[in-house]
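S.K.: final-v4.cif is the file, holding mmCIF, C-alpha atoms:
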```
data_start
#
loop_
_atom_site.label_atom_id
_atom_site.label_comp_id
_atom_site.auth_asym_id
_atom_site.auth_seq_id
_atom_site.Cartn_x
_atom_site.Cartn_y
_atom_site.Cartn_z
CA MET G 31 -7.35 -11.58 1.21
CA ALA G 32 -10.70 -10.76 2.73
CA GLY G 33 -12.54 -13.08 0.40
CA GLU G 34 -10.65 -16.13 1.58
CA GLU G 35 -11.80 -15.87 5.17
CA THR G 36 -14.62 -17.91 6.57
CA PRO G 37 -17.69 -15.77 6.90
CA LYS G 38 -18.55 -14.92 10.47
CA SER G 39 -21.06 -12.67 12.10
CA ILE G 40 -20.13 -9.12 12.86
CA GLU G 41 -20.48 -7.91 16.39
CA PRO G 42 -22.39 -4.66 16.28
CA VAL G 43 -20.71 -1.77 18.05
CA THR G 44 -23.83 -1.32 20.15
CA LYS G 45 -23.02 -2.91 23.46
CA GLU G 46 -24.64 -2.40 26.82
CA ASP G 47 -22.20 0.32 27.64
CA SER G 48 -22.34 1.85 24.18
CA PRO G 49 -23.63 5.39 23.86
CA MET G 50 -25.45 4.45 20.66
CA THR G 51 -29.19 5.02 20.80
CA GLU G 52 -31.71 2.20 20.50
CA ASP G 53 -32.92 3.09 17.04
CA LEU G 54 -29.39 2.84 15.72
CA ALA G 55 -28.86 -0.41 17.55
CA LYS G 56 -31.60 -1.89 15.39
CA GLU G 57 -29.42 -1.27 12.35
CA GLU G 58 -27.89 -4.63 12.87
CA ILE G 59 -25.20 -5.78 10.51
CA THR G 60 -26.30 -8.90 8.66
CA HIS G 61 -24.64 -12.21 9.41
CA SER G 62 -23.96 -12.95 5.76
CA GLU G 63 -21.28 -10.29 5.66
CA LYS G 64 -17.69 -10.88 6.55
CA ASP G 65 -15.26 -9.60 9.08
CA LEU G 66 -11.67 -10.58 9.55
CA PRO G 67 -10.45 -11.65 12.95
CA ILE G 68 -8.28 -8.85 14.20
CA THR G 69 -5.76 -11.31 15.61
CA ASP G 70 -4.82 -12.83 12.27
CA GLU G 71 -1.08 -13.50 12.33
CA ALA G 72 -0.55 -14.98 8.87
CA CYS G 73 2.60 -14.22 6.90
CA THR G 74 2.15 -11.29 4.54
CA ARG G 75 3.77 -11.74 1.13
CA VAL G 76 4.91 -8.43 -0.34
CA MET G 77 5.95 -8.44 -3.99
CA ILE G 78 8.22 -5.74 -5.38
CA ALA G 79 9.21 -5.21 -9.01
CA VAL G 80 12.70 -3.70 -9.34
CA ASN G 81 14.71 -2.40 -12.26
CA GLN G 82 18.24 -1.17 -12.99
CA CYS G 83 19.31 2.46 -13.35
CA SER G 84 19.73 4.01 -16.80
CA LYS G 85 23.48 3.27 -16.75
CA GLY G 86 22.65 -0.41 -16.63
CA TYR G 87 23.35 -3.29 -14.29
CA PRO G 88 24.14 -3.88 -11.48
CA LYS G 89 23.02 -0.59 -10.00
CA PRO G 90 19.34 -0.43 -9.06
CA SER G 91 17.24 2.58 -10.07
CA ILE G 92 16.64 5.19 -7.40
CA SER G 93 12.92 4.51 -7.53
CA SER G 94 13.44 0.76 -6.97
CA ARG G 95 15.60 1.47 -3.94
CA ALA G 96 13.06 4.01 -2.66
CA ALA G 97 10.29 1.43 -2.97
CA PHE G 98 12.39 -1.16 -1.15
CA ASP G 99 13.26 1.31 1.62
CA TRP G 100 9.60 2.26 1.96
CA ILE G 101 8.68 -1.39 2.51
CA VAL G 102 11.34 -1.75 5.17
CA LYS G 103 10.39 1.47 6.92
CA ASN G 104 6.62 1.29 6.74
CA LEU G 105 5.70 -2.35 6.40
CA ILE G 106 8.28 -4.69 7.84
CA LYS G 107 8.95 -3.50 11.38
CA PRO G 108 11.99 -5.03 13.10
CA CYS G 109 9.74 -6.52 15.80
CA CYS G 110 7.75 -8.65 13.37
CA LYS G 111 10.05 -9.41 10.44
CA LYS G 112 9.11 -13.06 10.57
CA ARG G 113 5.56 -12.24 9.56
CA TYR G 114 6.64 -11.02 6.11
CA LYS G 115 8.18 -12.45 3.00
CA LEU G 116 9.51 -10.26 0.24
CA LEU G 117 9.09 -11.47 -3.35
CA ILE G 118 11.55 -9.61 -5.61
CA LEU G 119 10.88 -9.66 -9.34
CA HIS G 120 13.07 -8.17 -12.03
CA VAL G 121 11.85 -8.04 -15.61
CA GLN G 122 14.75 -7.93 -18.07
CA VAL G 123 13.69 -6.09 -21.23
CA LEU G 124 14.40 -7.75 -24.57
CA ASP G 125 16.96 -6.21 -26.90
CA GLU G 126 15.85 -4.79 -30.20
CA ASP G 127 18.08 -5.29 -33.30
CA GLU G 128 18.50 -2.80 -36.16
CA ASP G 129 15.35 -4.00 -37.89
CA GLY G 130 13.34 -3.58 -34.72
CA HIS G 131 13.15 -7.33 -34.05
CA LEU G 132 13.25 -8.41 -30.45
CA SER G 133 16.17 -10.60 -29.59
CA SER G 134 16.57 -12.98 -26.71
CA SER G 135 20.06 -14.09 -27.71
CA MET G 136 21.56 -12.45 -24.67
CA PHE G 137 19.59 -14.85 -22.54
CA SER G 138 20.50 -18.06 -24.31
CA GLY G 139 21.99 -20.57 -21.97
CA LEU G 140 21.51 -18.41 -18.90
CA LYS G 141 20.50 -20.22 -15.81
CA GLU G 142 19.10 -17.10 -14.23
CA LEU G 143 15.73 -17.32 -15.93
CA ASP G 144 15.00 -20.64 -14.27
CA SER G 145 16.40 -19.73 -10.90
CA VAL G 146 14.92 -18.56 -7.64
CA TYR G 147 17.37 -16.73 -5.40
CA ALA G 148 16.78 -16.65 -1.67
CA SER G 149 20.24 -16.05 -0.18
CA PRO G 150 23.50 -14.30 -1.17
CA SER G 151 25.15 -17.73 -1.52
CA ASP G 152 22.81 -18.49 -4.41
CA PHE G 153 24.85 -16.11 -6.57
CA GLN G 154 28.25 -17.74 -6.02
CA HIS G 155 28.15 -20.03 -9.01
CA LEU G 156 26.95 -17.58 -11.62
CA ARG G 157 29.08 -17.11 -14.71
CA HIS G 158 30.68 -13.74 -15.43
CA GLU G 159 28.14 -12.69 -18.05
CA GLU G 160 25.23 -13.65 -15.85
CA ARG G 161 26.52 -11.45 -13.07
CA ALA G 162 26.51 -8.50 -15.43
CA LYS G 163 22.78 -8.75 -15.97
CA GLY G 164 19.59 -9.20 -14.01
CA ALA G 165 21.11 -11.52 -11.42
CA SER G 166 23.40 -8.74 -10.19
CA LEU G 167 20.39 -6.51 -9.59
CA ILE G 168 18.50 -9.22 -7.75
CA GLN G 169 21.65 -9.89 -5.74
CA TYR G 170 21.65 -6.31 -4.46
CA PHE G 171 18.18 -6.69 -2.94
CA ILE G 172 18.68 -10.25 -1.72
CA GLN G 173 21.80 -9.07 0.11
CA LYS G 174 19.86 -6.23 1.76
CA CYS G 175 17.13 -8.62 2.88
CA HIS G 176 19.73 -11.08 4.14
CA ASP G 177 21.53 -8.37 6.15
CA SER G 178 18.21 -7.45 7.73
CA GLU G 179 17.04 -11.03 8.28
CA ILE G 180 13.99 -10.60 6.09
CA GLU G 181 12.85 -13.75 4.33
CA CYS G 182 12.92 -13.23 0.59
CA GLU G 183 12.86 -14.81 -2.82
CA GLY G 184 14.05 -13.20 -6.07
CA TRP G 185 13.59 -14.20 -9.67
CA ILE G 186 14.04 -12.86 -13.18
CA LYS G 187 11.74 -12.87 -16.17
CA MET G 188 12.19 -11.34 -19.57
CA GLY G 189 9.73 -9.47 -21.71
CA ASP G 190 7.48 -6.43 -21.50
CA PRO G 191 7.48 -5.25 -17.85
CA LYS G 192 3.76 -4.33 -17.90
CA ALA G 193 2.62 -7.75 -19.03
CA VAL G 194 5.19 -9.79 -17.11
CA VAL G 195 4.49 -8.08 -13.77
CA CYS G 196 0.77 -8.82 -14.20
CA GLU G 197 1.48 -12.46 -15.08
CA GLU G 198 3.77 -12.93 -12.08
CA VAL G 199 1.25 -11.34 -9.71
CA LYS G 200 -1.34 -13.80 -10.97
CA LYS G 201 1.06 -16.73 -10.44
CA LYS G 202 2.44 -15.72 -7.05
CA ASN G 203 -0.73 -14.17 -5.63
CA PRO G 204 1.01 -11.78 -3.18
CA ASP G 205 -0.91 -9.83 -0.52
CA MET G 206 0.30 -6.61 -2.09
CA LEU G 207 2.52 -5.33 -4.88
CA VAL G 208 4.89 -2.39 -4.43
CA LEU G 209 6.15 -0.41 -7.44
CA GLY G 210 8.57 2.49 -7.47
CA SER G 211 7.80 5.41 -9.71
CA ARG G 212 10.21 8.06 -10.94
CA GLY G 213 7.47 10.54 -10.19
CA LEU G 214 8.87 13.32 -12.32
CA GLY G 215 10.76 13.50 -15.59
CA THR G 216 9.62 13.48 -19.18
CA ILE G 217 10.06 10.38 -21.31
CA GLN G 218 11.00 8.32 -18.27
CA ARG G 219 7.87 9.38 -16.44
CA MET G 220 5.72 8.40 -19.37
CA PHE G 221 7.28 4.94 -19.41
CA VAL G 222 7.19 4.33 -15.69
CA ALA G 223 3.75 5.85 -15.15
CA GLY G 224 2.61 3.58 -17.94
CA VAL G 225 3.81 0.49 -16.13
CA SER G 226 2.39 1.38 -12.74
CA SER G 227 -1.00 2.59 -13.97
CA TYR G 228 -1.36 -0.40 -16.30
CA VAL G 229 -0.45 -2.85 -13.56
CA THR G 230 -2.71 -1.13 -10.99
CA LYS G 231 -5.68 -1.55 -13.33
CA HIS G 232 -4.93 -5.12 -14.33
CA VAL G 233 -4.03 -6.95 -11.13
CA ASP G 234 -6.40 -7.99 -8.38
CA CYS G 235 -4.08 -7.45 -5.43
CA PRO G 236 -3.58 -4.03 -3.83
CA VAL G 237 -0.85 -2.02 -5.54
CA ILE G 238 1.23 0.59 -3.74
CA VAL G 239 3.01 3.03 -6.02
CA ILE G 240 5.87 4.82 -4.27
CA LYS G 241 6.42 8.15 -5.99
CA ARG G 242 9.97 9.32 -5.79
CA ASP G 243 10.61 12.52 -3.90
CA PRO G 244 11.37 15.26 -6.50
CA LYS G 245 14.54 16.14 -4.60
CA ASP G 246 15.89 12.63 -5.17
CA ILE G 247 16.24 13.23 -8.90
CA PRO G 248 19.94 12.85 -9.71
CA ASP G 249 21.91 15.54 -11.55
CA ASP G 250 23.05 12.94 -14.06
CA PRO G 251 19.96 11.20 -15.46
CA MET G 252 22.12 8.16 -16.16
CA ASN G 253 22.25 7.56 -12.41
CA ASP G 254 18.46 7.38 -12.38
CA MET F 30 9.19 9.43 3.88
CA ALA F 31 12.43 8.68 2.12
CA GLY F 32 13.15 12.34 1.46
CA GLU F 33 13.26 13.22 5.15
CA GLU F 34 16.15 10.94 5.94
CA THR F 35 19.67 12.19 6.32
CA PRO F 36 21.68 11.33 3.23
CA LYS F 37 24.25 8.63 3.82
CA SER F 38 26.51 6.66 1.62
CA ILE F 39 25.37 3.38 0.21
CA GLU F 40 27.38 0.32 0.91
CA PRO F 41 27.95 -1.43 -2.40
CA VAL F 42 26.94 -5.07 -2.46
CA THR F 43 30.46 -5.93 -3.52
CA LYS F 44 32.17 -7.17 -0.39
CA GLU F 45 35.26 -9.31 -0.03
CA ASP F 46 33.16 -12.42 0.07
CA SER F 47 30.87 -11.24 -2.68
CA PRO F 48 30.78 -13.22 -5.91
CA MET F 49 30.54 -9.97 -7.89
CA THR F 50 33.34 -9.47 -10.37
CA GLU F 51 35.81 -6.58 -10.22
CA ASP F 52 34.43 -4.69 -13.19
CA LEU F 53 31.06 -4.59 -11.56
CA ALA F 54 32.57 -3.50 -8.27
CA LYS F 55 33.70 -0.34 -10.02
CA GLU F 56 30.07 0.56 -10.58
CA GLU F 57 30.04 2.22 -7.23
CA ILE F 58 26.87 3.84 -6.02
CA THR F 59 27.39 7.57 -5.56
CA HIS F 60 27.45 9.05 -2.09
CA SER F 61 24.92 11.73 -2.96
CA GLU F 62 22.17 9.14 -3.11
CA LYS F 63 20.14 8.06 -0.16
CA ASP F 64 19.46 4.84 1.59
CA LEU F 65 17.24 4.29 4.58
CA PRO F 66 18.62 2.49 7.58
CA ILE F 67 16.94 -0.89 7.64
CA THR F 68 16.49 -0.68 11.42
CA ASP F 69 14.18 2.34 11.37
CA GLU F 70 11.54 1.80 14.04
CA ALA F 71 9.48 4.96 13.66
CA CYS F 72 5.71 4.89 14.08
CA THR F 73 3.90 4.45 10.78
CA ARG F 74 0.77 6.59 10.39
CA VAL F 75 -1.81 4.90 8.19
CA MET F 76 -4.75 7.02 7.06
CA ILE F 77 -8.01 5.43 5.96
CA ALA F 78 -11.02 7.17 4.45
CA VAL F 79 -14.29 5.43 5.35
CA ASN F 80 -17.89 5.90 4.29
CA GLN F 81 -21.33 4.62 5.21
CA CYS F 82 -23.33 1.98 3.31
CA SER F 83 -26.07 3.02 0.89
CA LYS F 84 -28.72 2.56 3.61
CA GLY F 85 -27.09 5.30 5.56
CA TYR F 86 -25.48 5.67 8.98
CA PRO F 87 -24.28 4.06 11.17
CA LYS F 88 -23.43 1.03 9.07
CA PRO F 89 -20.08 1.23 7.25
CA SER F 90 -19.85 0.28 3.59
CA ILE F 91 -18.51 -3.17 2.82
CA SER F 92 -15.54 -1.65 1.01
CA SER F 93 -14.64 0.51 4.02
CA ARG F 94 -14.70 -2.51 6.28
CA ALA F 95 -12.68 -4.53 3.75
CA ALA F 96 -10.04 -1.78 3.65
CA PHE F 97 -9.92 -1.65 7.45
CA ASP F 98 -9.63 -5.45 7.66
CA TRP F 99 -6.85 -5.42 5.07
CA ILE F 100 -4.86 -2.96 7.18
CA VAL F 101 -5.26 -5.12 10.24
CA LYS F 102 -4.36 -8.30 8.41
CA ASN F 103 -1.51 -7.09 6.24
CA LEU F 104 -0.06 -4.04 7.92
CA ILE F 105 -0.60 -3.98 11.66
CA LYS F 106 0.64 -7.31 12.96
CA PRO F 107 -0.28 -8.13 16.58
CA CYS F 108 3.41 -8.25 17.50
CA CYS F 109 4.07 -4.63 16.57
CA LYS F 110 0.79 -2.78 17.02
CA LYS F 111 2.54 -0.03 18.92
CA ARG F 112 4.46 0.96 15.81
CA TYR F 113 1.31 2.08 14.00
CA LYS F 114 -1.32 4.74 14.34
CA LEU F 115 -4.54 4.64 12.36
CA LEU F 116 -6.00 7.97 11.20
CA ILE F 117 -9.68 7.49 10.32
CA LEU F 118 -11.34 10.13 8.17
CA HIS F 119 -14.98 10.27 7.19
CA VAL F 120 -16.17 12.85 4.67
CA GLN F 121 -19.85 13.64 5.12
CA VAL F 122 -21.37 14.67 1.77
CA LEU F 123 -23.38 17.88 1.67
CA ASP F 124 -27.12 17.73 0.99
CA GLU F 125 -28.53 19.24 -2.17
CA ASP F 126 -31.84 21.14 -2.03
CA GLU F 127 -34.47 21.23 -4.79
CA ASP F 128 -32.68 24.03 -6.61
CA GLY F 129 -29.42 22.12 -6.55
CA HIS F 130 -27.89 24.29 -3.85
CA LEU F 131 -25.64 22.60 -1.37
CA SER F 132 -26.84 22.83 2.18
CA SER F 133 -24.88 22.49 5.35
CA SER F 134 -27.89 23.02 7.60
CA MET F 135 -27.71 19.48 8.87
CA PHE F 136 -24.34 20.29 10.35
CA SER F 137 -25.25 23.49 12.13
CA GLY F 138 -24.38 23.36 15.78
CA LEU F 139 -22.80 19.93 15.55
CA LYS F 140 -19.73 19.43 17.62
CA GLU F 141 -18.56 16.54 15.51
CA LEU F 142 -16.89 18.67 12.87
CA ASP F 143 -14.50 20.12 15.41
CA SER F 144 -13.85 16.89 17.24
CA VAL F 145 -11.12 14.32 17.16
CA TYR F 146 -12.17 10.93 18.47
CA ALA F 147 -9.57 8.59 19.88
CA SER F 148 -11.50 6.31 22.23
CA PRO F 149 -15.04 4.87 22.52
CA SER F 150 -15.60 7.11 25.56
CA ASP F 151 -15.30 10.16 23.30
CA PHE F 152 -18.75 9.36 21.91
CA GLN F 153 -20.61 9.31 25.24
CA HIS F 154 -21.68 12.92 25.22
CA LEU F 155 -22.93 13.17 21.68
CA ARG F 156 -26.48 14.30 21.12
CA HIS F 157 -29.02 11.96 19.54
CA GLU F 158 -28.88 13.61 16.10
CA GLU F 159 -25.11 13.59 16.06
CA ARG F 160 -25.06 9.88 16.73
CA ALA F 161 -27.22 9.33 13.67
CA LYS F 162 -24.59 10.79 11.37
CA GLY F 163 -20.89 10.65 10.74
CA ALA F 164 -19.92 10.22 14.37
CA SER F 165 -21.69 6.85 14.52
CA LEU F 166 -19.62 5.64 11.59
CA ILE F 167 -16.37 6.83 13.12
CA GLN F 168 -17.43 5.20 16.37
CA TYR F 169 -17.64 1.81 14.65
CA PHE F 170 -13.98 1.98 13.59
CA ILE F 171 -12.71 3.58 16.80
CA GLN F 172 -14.35 0.76 18.74
CA LYS F 173 -12.64 -1.86 16.54
CA CYS F 174 -9.26 -0.19 17.03
CA HIS F 175 -9.88 0.08 20.76
CA ASP F 176 -10.81 -3.63 21.03
CA SER F 177 -7.56 -4.47 19.24
CA GLU F 178 -5.41 -1.98 21.14
CA ILE F 179 -4.46 -0.08 18.01
CA GLU F 180 -3.79 3.61 18.55
CA CYS F 181 -6.17 5.69 16.47
CA GLU F 182 -7.72 9.03 15.84
CA GLY F 183 -10.93 9.71 13.90
CA TRP F 184 -12.44 12.90 12.57
CA ILE F 185 -15.19 14.12 10.26
CA LYS F 186 -15.15 16.68 7.50
CA MET F 187 -17.86 17.70 5.12
CA GLY F 188 -17.69 18.42 1.42
CA ASP F 189 -16.67 16.66 -1.76
CA PRO F 190 -14.86 13.44 -0.78
CA LYS F 191 -12.26 13.77 -3.58
CA ALA F 192 -11.14 17.25 -2.57
CA VAL F 193 -11.46 16.77 1.18
CA VAL F 194 -9.43 13.55 1.26
CA CYS F 195 -6.63 15.31 -0.65
CA GLU F 196 -6.73 18.30 1.74
CA GLU F 197 -6.63 16.09 4.81
CA VAL F 198 -3.71 14.05 3.44
CA LYS F 199 -1.83 17.29 2.93
CA LYS F 200 -2.58 18.41 6.50
CA LYS F 201 -1.91 15.12 8.27
CA ASN F 202 0.93 13.89 6.08
CA PRO F 203 0.41 10.15 6.72
CA ASP F 204 2.92 7.52 5.61
CA MET F 205 0.23 5.93 3.46
CA LEU F 206 -3.44 6.28 2.60
CA VAL F 207 -5.77 3.28 2.28
CA LEU F 208 -9.00 3.51 0.30
CA GLY F 209 -11.63 0.85 -0.19
CA SER F 210 -13.11 0.45 -3.63
CA ARG F 211 -16.38 -1.23 -4.52
CA GLY F 212 -14.49 -2.81 -7.37
CA LEU F 213 -17.50 -3.76 -9.40
CA GLY F 214 -20.92 -2.23 -9.94
CA THR F 215 -22.20 0.41 -12.30
CA ILE F 216 -22.95 3.91 -11.02
CA GLN F 217 -21.32 3.12 -7.70
CA ARG F 218 -18.15 1.98 -9.38
CA MET F 219 -17.95 5.15 -11.41
CA PHE F 220 -18.26 7.23 -8.25
CA VAL F 221 -15.84 5.25 -6.12
CA ALA F 222 -13.29 4.70 -8.88
CA GLY F 223 -13.45 8.43 -9.45
CA VAL F 224 -12.51 9.16 -5.85
CA SER F 225 -9.66 6.67 -5.63
CA SER F 226 -8.12 7.49 -9.01
CA TYR F 227 -8.41 11.23 -8.38
CA VAL F 228 -6.87 10.95 -4.94
CA THR F 229 -4.08 8.63 -6.15
CA LYS F 230 -3.07 11.21 -8.74
CA HIS F 231 -3.28 14.22 -6.46
CA VAL F 232 -1.63 13.20 -3.20
CA ASP F 233 2.08 12.75 -2.58
CA CYS F 234 1.87 9.85 -0.15
CA PRO F 235 1.53 6.24 -1.33
CA VAL F 236 -2.10 5.21 -1.85
CA ILE F 237 -3.31 1.65 -1.49
CA VAL F 238 -6.66 0.94 -3.13
CA ILE F 239 -8.29 -2.20 -1.78
CA LYS F 240 -10.58 -3.59 -4.45
CA ARG F 241 -13.52 -5.46 -3.05
CA ASP F 242 -13.75 -9.13 -3.86
CA PRO F 243 -16.57 -9.56 -6.44
CA LYS F 244 -18.13 -12.26 -4.26
CA ASP F 245 -18.58 -9.74 -1.43
CA ILE F 246 -21.20 -7.79 -3.40
CA PRO F 247 -24.39 -7.96 -1.33
CA ASP F 248 -27.70 -9.18 -2.79
CA ASP F 249 -29.34 -5.98 -1.63
CA PRO F 250 -27.34 -3.02 -2.99
CA MET F 251 -28.61 -0.94 -0.06
CA ASN F 252 -26.34 -3.01 2.17
CA ASP F 253 -23.38 -1.93 0.08
#
```
Give the structure from this file in structure tokens form.
M.R.:
Amino acid sequence: MAGEETPKSIEPVTKEDSPMTEDLAKEEITHSEKDLPITDEACTRVMIAVNQCSKGYPKPSISSRAAFDWIVKNLIKPCCKKRYKLLILHVQVLDEDEDGHLSSSMFSGLKELDSVYASPSDFQHLRHEERAKGASLIQYFIQKCHDSEIECEGWIKMGDPKAVVCEEVKKKNPDMLVLGSRGLGTIQRMFVAGVSSYVTKHVDCPVIVIKRDPKDIPDDPMND
Amino acid sequence: MAGEETPKSIEPVTKEDSPMTEDLAKEEITHSEKDLPITDEACTRVMIAVNQCSKGYPKPSISSRAAFDWIVKNLIKPCCKKRYKLLILHVQVLDEDEDGHLSSSMFSGLKELDSVYASPSDFQHLRHEERAKGASLIQYFIQKCHDSEIECEGWIKMGDPKAVVCEEVKKKNPDMLVLGSRGLGTIQRMFVAGVSSYVTKHVDCPVIVIKRDPKDIPDDPMND
């Protein structure tokens, strides 16, 4: 981030060969301000929050896949893959019982909440029931990164997506966060727009919300 | 954008060597859905809207420079500069006379509103009064791109920044739009937050708002 760089003086654009007039040249930029070296080659850490489609695991939502594809098309060019690391978070929502109480019983004994996945081989030892949940979703994206030789790391948290995404951004401190948005729809839009607008307001890092193309809305909303 | 790609089938993550169980393998991803090829090497067009500091031209605002620096640090890596083009827009705000009427007299006869700047040499023939306005601000960023061998194009429009940025996004159809935000402050924050939140809601392309680091607020607000 800009604030982490060592302050250095800014070279004014007024050079000997500059067409800028003298009076403007006097408008010198103060040395206390900062400017990043344009040759900075640090690794950029891109965080993405993904979720499953309405049918459930393991299929990712269209908007999550669109956000992932956007990253690969617009951020991580094949010629400089090594300069990026993808951080893939999935927030598994808690079940509600008949009385409206939240239940975490489905998570009891699962290793997945303590795990960090970085390669397809990390999924080989999962139990059957674990594969049917968040890990299978993370596996989808880890496999895609692996196929494309993009360094990555995936993990699962449970709770309210809004709050958990903000907490994880604070912990991981990525250079940017990418969120998919269903873009259109009714109840779904209200939910998803809620997450992305809440997160955008509450995290410090830049947030990129990828709105889904209206023509990508599936005929069967369960495929969404 | 994802919607422009030719639809193709999605390869399920369940391969022979995949740890995924059979029941999950049946959850095949439908062929009507889209997936971008991970090897796409198209040029990414990044649009940035820049403004001057409170003191006036030619000095750029700190948030505009921070947004530019963020692009250079996090998007355009030195190893793949040729895959990006920076589109630099400056919206010059109209003057208001004593009766509250907007005046465009300061623009009369200026070539800058019809011009597209792509190289420092494009500024050599500007008249004195033109250099004192928007063109001098655009020149600052064109020079930085030129020094770093980043392909670019800058242009100036006049009017209400909110509306004009949205119009120009529609015309130019960039892959993403980057906006700097003062992040903190009082009246300034209200104005800038207004622009970025309005634009984020009203354009189709992904918008990245770069919040300024609170410690980058200058002692003299006129340097902002």
S.K.: If you count all atoms listed in the file, which residues fall within 10 Å of Lys115 (chain G), apart from same-chain ones fewer than 3 positions away, as a ChimeraX atom specification?
M.R.: /G:73-77,106,111-112,118,175,180-183,204
S.K.: List as a list in words the residues having at least one atom at most 9 Å from position (-9.3, 10.7, -4.9) as given in the file, counting all atoms listed in the file.
M.R.: Pro190, Lys191, Ala192, Val193, Val194, Cys195, Leu208, Val221, Ala222, Gly223, Val224, Ser225, Ser226, Tyr227, Val228, Thr229, Lys230, His231 and Val232 of chain F
S.K.: Check the smallest atom-to-atom distance from each of G:Gln122, G:Gln82, G:Gln173, G:Ser94 to chain F using all atoms listed in the file, then report the winner.
M.R.: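 Counting all atoms listed in the file, the residue closest to chain F is G:Gln173.
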S.K.: In Å, rounded to a single decimal, give me how far CA of Lys162 (chain F) is from CA of Asp98 (chain F).
M.R.: 22.4 Å
S.K.: At a cut-off of 10 Å, using only C-alpha atoms, what residues contact Ile186 (chain G)? Leave out same-chain residues fewer than 3 positions from it and give the result as an MDAnalysis selection string.
M.R.: chainID G and resid 79 118:122 142:147 164:165 167:168
S.K.: For Arg95 (chain G), find every residue with an atom within 10 Å (counting only C-alpha atoms), except residues of its own chain fewer than 2 positions away, and show them as a ChimeraX atom specification.
M.R.: /G:80-82,89-93,97-101,170-171,210,242 /F:31,63-65
S.K.: Can you measure CA of Ile238 (chain G) to CA of Val208 (chain G) for me? One decimal in Å is fine.
M.R.: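 The value is 4.8 Å.
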S.K.: From the options G:Arg212, G:Lys174, G:Lys202, G:Lys187, which residue's atoms come nearest to Val123 (chain G), counting only C-alpha atoms?
M.R.: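 So, comparing all the options, the nearest one is G:Lys187.
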S.K.: Choose the residue, out of F:Ala147, F:Asn202, F:Met187, F:Asn252, that has the smallest atom-to-atom separation from chain G; count only C-alpha atoms.
M.R.: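 When distances to chain G are compared using only C-alpha atoms, the smallest one comes from F:Asn252.
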S.K.: What would the list of residues within 7 Å of (22.2, 3.5, -17.3) (file frame) look like as a ChimeraX atom specification, if only C-alpha atoms are what count?
M.R.: /G:83-86,252-253
S.K.: Please write the residues picked by the PyMOL selection byres ((chain F and resi 109) around 9) on this file as a PyMOL selection string.
M.R.: (chain G and resi 107-110) or (chain F and resi 105-108+110-113)
S.K.: May I ask you to restore N, CA, C and O atoms in region 237-245 of chain G and write the result as a compact mmCIF listing (two decimals), keeping the file's coordinate frame?
M.R.:
```
# COMPACT_ATOMS: atom_id res chain seq x y z
N VAL G 237 -2.11 -2.51 -4.99
CA VAL G 237 -0.85 -2.02 -5.54
C VAL G 237 -0.47 -0.71 -4.83
O VAL G 237 -1.32 0.17 -4.69
N ILE G 238 0.76 -0.63 -4.39
CA ILE G 238 1.23 0.59 -3.74
C ILE G 238 2.30 1.20 -4.64
O ILE G 238 3.34 0.57 -4.86
N VAL G 239 2.03 2.36 -5.17
CA VAL G 239 3.01 3.03 -6.02
C VAL G 239 3.75 4.07 -5.17
O VAL G 239 3.14 4.97 -4.61
N ILE G 240 5.06 3.91 -5.07
CA ILE G 240 5.87 4.82 -4.27
C ILE G 240 6.46 5.87 -5.22
O ILE G 240 7.36 5.56 -6.01
N LYS G 241 5.92 7.07 -5.13
CA LYS G 241 6.42 8.15 -5.99
C LYS G 241 7.73 8.65 -5.40
O LYS G 241 7.84 8.91 -4.21
N ARG G 242 8.69 8.83 -6.27
CA ARG G 242 9.97 9.32 -5.79
C ARG G 242 9.86 10.79 -5.41
O ARG G 242 9.17 11.57 -6.08
N ASP G 243 10.56 11.13 -4.34
CA ASP G 243 10.61 12.52 -3.90
C ASP G 243 11.33 13.33 -4.99
O ASP G 243 12.41 12.94 -5.43
N PRO G 244 10.73 14.46 -5.44
CA PRO G 244 11.37 15.26 -6.50
C PRO G 244 12.82 15.61 -6.18
O PRO G 244 13.65 15.71 -7.09
N LYS G 245 13.16 15.75 -4.90
CA LYS G 245 14.54 16.14 -4.60
C LYS G 245 15.52 14.97 -4.69
O LYS G 245 16.73 15.16 -4.54
```
